[in-house]
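Enquirer: Sharing a structure, written as C-alpha cells. Questions coming.
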Amino acid sequence: MWDLLKDLAGFMKKRKKYWLAPIILVMVALGLLIVLGEGSAVAPFIYTLF
C-alpha cells in the first residue's frame, strides 16, 4: 500500500500533475466514509447525500 502511494506521489511530482492530489483525496475520503458508515446507525443519513 505504501509503495503505491510513493509511486503515485513520484508520478505527480515528475509529471507535474499536482491537480490529481485533490481528486485522489476526495476519492479516498468518500471511500472511507462509505466503508466506516456502512455498519453504523449513521448509514441512512450518509446514503441520502448520494
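By convention here, the chains of the C-alpha cells are called A, B, ... in the order presented, each chain's residues are numbered starting at 1, and ligands are numbered starting at 1 in the order presented.
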Among the residues of chain A, find those DSSP assigns to helix (DSSP H, G or I) from the backbone and print them as a PyMOL selection string.
Expert: chain A and resi 2-15+20-37+43-47
Enquirer: Show which residues sit within 12 Å of segment 5-15 of chain A, as a list in words. Count only C-alpha atoms, and ignore same-chain residues fewer than 6 positions away.
Expert: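 Non-adjacent residues within range: Ala21, Pro22, Ile24, Leu25 and Val28 of chain A.
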Enquirer: For the residues in the current selection, export N, CA and C atoms as a compact mmCIF listing (two decimals), in the first residue's frame.
Expert:
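See selection.txt below for the written result:
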# COMPACT_ATOMS: atom_id res chain seq x y z
N ALA A 21 -3.93 15.52 -6.95
CA ALA A 21 -3.95 15.35 -5.50
C ALA A 21 -5.33 15.59 -4.88
N PRO A 22 -6.02 16.69 -5.18
CA PRO A 22 -7.36 16.87 -4.58
C PRO A 22 -8.37 15.81 -5.01
N ILE A 24 -7.71 12.66 -5.77
CA ILE A 24 -7.38 11.44 -5.04
C ILE A 24 -7.82 11.54 -3.59
N LEU A 25 -7.60 12.69 -2.97
CA LEU A 25 -8.01 12.88 -1.57
C LEU A 25 -9.52 12.78 -1.40
N VAL A 28 -10.54 9.09 -1.74
CA VAL A 28 -10.19 8.33 -0.53
C VAL A 28 -11.15 8.68 0.60
Enquirer: I'd like the interatomic distance between atom CA of Phe45 of chain A and atom CA of Ala29 of chain A, to a tenth of an Å.
Expert: 16.4 Å
